[in-house]
>>> print(open('structure-v1.csv').read())   # CSV, N, CA and C atoms
chain,number,residue,atom,x,y,z
A,258,MET,N,15.4,30.5,23.4
A,258,MET,CA,15.7,31.3,22.3
A,258,MET,C,15.1,32.7,22.5
A,259,SER,N,15.8,33.7,22.4
A,259,SER,CA,15.2,35.1,22.5
A,259,SER,C,15.3,35.8,21.1
A,260,LEU,N,14.5,36.8,20.9
A,260,LEU,CA,14.6,37.5,19.7
A,260,LEU,C,15.7,38.5,19.6
A,261,ASP,N,16.2,38.8,18.4
A,261,ASP,CA,17.3,39.7,18.2
A,261,ASP,C,16.8,41.1,18.6
A,262,LYS,N,17.7,41.9,19.3
A,262,LYS,CA,17.3,43.2,19.8
A,262,LYS,C,17.0,44.2,18.7
A,263,THR,N,17.7,44.0,17.5
A,263,THR,CA,17.5,44.9,16.4
A,263,THR,C,16.1,44.6,15.8
A,264,LEU,N,15.7,43.4,15.8
A,264,LEU,CA,14.4,43.0,15.3
A,264,LEU,C,13.3,43.6,16.2
A,265,LEU,N,13.5,43.5,17.5
A,265,LEU,CA,12.5,44.1,18.4
A,265,LEU,C,12.4,45.6,18.3
A,266,ARG,N,13.4,46.3,17.9
A,266,ARG,CA,13.3,47.7,17.7
A,266,ARG,C,12.5,48.1,16.5
A,267,ILE,N,12.5,47.3,15.4
A,267,ILE,CA,11.8,47.6,14.2
A,267,ILE,C,10.4,47.0,14.1
A,268,LEU,N,10.1,46.0,15.0
A,268,LEU,CA,8.7,45.5,14.9
A,268,LEU,C,7.7,46.4,15.6
A,269,ALA,N,6.5,46.4,15.1
A,269,ALA,CA,5.4,47.2,15.6
A,269,ALA,C,4.1,46.4,15.5
A,270,CYS,N,3.1,46.8,16.3
A,270,CYS,CA,1.8,46.1,16.3
A,270,CYS,C,1.2,46.3,14.9
A,271,PRO,N,0.7,45.2,14.3
A,271,PRO,CA,0.1,45.3,13.0
A,271,PRO,C,-1.2,46.1,13.0
A,272,ASP,N,-1.8,46.3,14.1
A,272,ASP,CA,-3.1,47.0,14.2
A,272,ASP,C,-3.0,48.5,14.4
A,273,ASP,N,-2.2,48.9,15.4
A,273,ASP,CA,-2.2,50.3,15.7
A,273,ASP,C,-0.7,50.8,15.6
A,274,HIS,N,0.2,50.0,15.2
A,274,HIS,CA,1.6,50.4,14.9
A,274,HIS,C,2.3,50.9,16.2
A,275,GLY,N,1.8,50.4,17.4
A,275,GLY,CA,2.4,50.7,18.7
A,275,GLY,C,3.7,49.9,18.9
A,276,ASP,N,4.5,50.4,19.8
A,276,ASP,CA,5.7,49.7,20.2
A,276,ASP,C,5.4,48.5,20.9
A,277,ILE,N,6.3,47.5,20.8
A,277,ILE,CA,6.1,46.2,21.5
A,277,ILE,C,7.1,45.9,22.5
A,278,LEU,N,6.7,45.0,23.4
A,278,LEU,CA,7.6,44.6,24.5
A,278,LEU,C,7.8,43.1,24.3
A,279,TYR,N,9.0,42.5,24.6
A,279,TYR,CA,9.2,41.1,24.6
A,279,TYR,C,9.0,40.6,26.0
A,280,LYS,N,8.3,39.5,26.1
A,280,LYS,CA,8.0,38.9,27.4
A,280,LYS,C,8.3,37.4,27.3
A,281,ARG,N,9.0,36.9,28.3
A,281,ARG,CA,9.3,35.4,28.3
A,281,ARG,C,8.9,34.9,29.7
A,282,ILE,N,8.0,34.0,29.8
A,282,ILE,CA,7.6,33.4,31.0
A,282,ILE,C,7.8,31.9,30.9
A,283,GLY,N,8.8,31.4,31.6
A,283,GLY,CA,9.2,30.0,31.4
A,283,GLY,C,9.7,29.8,30.0
A,284,LYS,N,9.1,28.8,29.3
A,284,LYS,CA,9.4,28.6,27.9
A,284,LYS,C,8.5,29.3,26.9
A,285,THR,N,7.5,30.1,27.4
A,285,THR,CA,6.6,30.8,26.5
A,285,THR,C,7.2,32.2,26.2
A,286,GLU,N,7.3,32.5,24.9
A,286,GLU,CA,7.7,33.8,24.5
A,286,GLU,C,6.6,34.5,23.8
A,287,SER,N,6.5,35.8,24.0
A,287,SER,CA,5.4,36.6,23.4
A,287,SER,C,5.8,38.0,23.2
A,288,LEU,N,5.1,38.7,22.4
A,288,LEU,CA,5.3,40.2,22.2
A,288,LEU,C,4.0,40.9,22.6
A,289,VAL,N,4.1,41.9,23.3
A,289,VAL,CA,2.9,42.6,23.8
A,289,VAL,C,3.0,44.1,23.3
A,290,CYS,N,1.9,44.5,22.7
A,290,CYS,CA,1.8,45.9,22.3
A,290,CYS,C,1.6,46.8,23.5
A,291,LYS,N,2.4,47.9,23.5
A,291,LYS,CA,2.3,48.8,24.7
A,291,LYS,C,1.0,49.6,24.6
A,292,LYS,N,0.5,49.9,23.4
A,292,LYS,CA,-0.7,50.7,23.3
A,292,LYS,C,-2.0,49.9,23.5
A,293,CYS,N,-2.2,48.8,22.7
A,293,CYS,CA,-3.5,48.1,22.8
A,293,CYS,C,-3.4,46.9,23.7
A,294,LYS,N,-2.2,46.5,24.2
A,294,LYS,CA,-2.0,45.4,25.1
A,294,LYS,C,-2.3,44.0,24.4
A,295,ARG,N,-2.3,44.0,23.1
A,295,ARG,CA,-2.5,42.7,22.4
A,295,ARG,C,-1.2,41.9,22.6
A,296,VAL,N,-1.4,40.6,22.7
A,296,VAL,CA,-0.3,39.7,22.9
A,296,VAL,C,-0.1,38.8,21.6
A,297,PHE,N,1.1,38.8,21.1
A,297,PHE,CA,1.4,38.0,19.9
A,297,PHE,C,2.4,36.9,20.3
A,298,GLU,N,2.1,35.7,20.0
A,298,GLU,CA,2.9,34.5,20.3
A,298,GLU,C,4.2,34.5,19.4
A,299,VAL,N,5.3,33.9,20.0
A,299,VAL,CA,6.5,33.7,19.3
A,299,VAL,C,6.7,32.2,19.2
A,300,LYS,N,6.7,31.6,18.0
A,300,LYS,CA,6.9,30.2,17.9
A,300,LYS,C,8.2,29.9,17.2
A,301,ASN,N,9.0,29.1,17.8
A,301,ASN,CA,10.3,28.7,17.2
A,301,ASN,C,11.1,29.9,16.8
A,302,GLY,N,11.0,31.0,17.6
A,302,GLY,CA,11.8,32.2,17.4
A,302,GLY,C,11.2,33.1,16.3
A,303,ILE,N,10.0,32.8,15.8
A,303,ILE,CA,9.3,33.6,14.8
A,303,ILE,C,8.1,34.3,15.4
A,304,PRO,N,8.0,35.6,15.4
A,304,PRO,CA,6.9,36.3,15.9
A,304,PRO,C,5.7,36.1,15.0
A,305,ILE,N,4.6,35.6,15.6
A,305,ILE,CA,3.3,35.4,14.8
A,305,ILE,C,2.5,36.7,15.1
A,306,MET,N,2.5,37.6,14.1
A,306,MET,CA,1.9,38.9,14.3
A,306,MET,C,0.8,39.2,13.3
A,307,LEU,N,0.1,38.2,12.9
A,307,LEU,CA,-1.0,38.5,12.0
A,307,LEU,C,-2.1,39.0,12.9
A,308,PRO,N,-2.9,40.0,12.4
A,308,PRO,CA,-3.9,40.7,13.2
A,308,PRO,C,-4.9,39.8,13.9
A,309,LYS,N,-5.3,38.7,13.3
A,309,LYS,CA,-6.3,37.8,13.8
A,309,LYS,C,-5.6,36.8,14.8
A,310,GLU,N,-4.3,36.8,15.0
A,310,GLU,CA,-3.7,35.8,15.8
A,310,GLU,C,-3.3,36.3,17.2
A,311,PHE,N,-3.9,37.4,17.7
A,311,PHE,CA,-3.6,37.9,19.0
A,311,PHE,C,-4.5,37.4,20.1
A,312,LYS,N,-4.0,37.6,21.3
A,312,LYS,CA,-4.8,37.2,22.5
A,312,LYS,C,-4.8,38.5,23.3
A,313,GLU,N,-5.9,38.7,24.1
A,313,GLU,CA,-6.0,39.8,25.0
A,313,GLU,C,-5.1,39.5,26.2
A,314,GLU,N,-4.4,40.5,26.8
A,314,GLU,CA,-3.5,40.2,27.9
A,314,GLU,C,-4.4,40.2,29.2
>>> encode(input="structure-v1.csv", output="structure tokens")
Amino acid sequence: MSLDKTLLRILACPDDHGDILYKRIGKTESLVCKKCKRVFEVKNGIPIMLPKEFKEE
């Protein structure tokens, strides 16, 4: 499952409001902030973008 392109255009990093990139490696989906490089997991097609739920890339 991939995210809708319209959704990807309106989503932004919750911390610095930077643009995000969609990445898929195998079955793992994630969103990466272009500015701060934080990685947000996508579970069952839903982006988990709570500020405390990020991983460093």
>>> atom_distance(input="structure-v1.csv", atom1="atom C of Asp273 of chain A", atom2="atom CA of Lys292 of chain A")
7.7 Å
>>> residues_around(input="structure-v1.csv", residues="segment 277-291 of chain A", least_positions_apart="4", cutoff="8 Å", atoms="only N, CA and C atoms", output="ChimeraX atom specification")
/A:258-260,265-270,295-300,304-305,314
>>> atom_distance(input="structure-v1.csv", atom1="atom C of Gly275 of chain A", atom2="atom CA of Cys293 of chain A")
8.4 Å
>>> select_by_dssp(input="structure-v1.csv", residues="chain A", states="helix (DSSP H, G or I)", output="list in words")
Lys262, Thr263, Leu264, Leu265, Arg266, Ile267, Pro308, Lys309 and Glu310 of chain A
>>> atom_distance(input="structure-v1.csv", atom1="atom N of Met306 of chain A", atom2="atom N of Lys294 of chain A")
14.3 Å
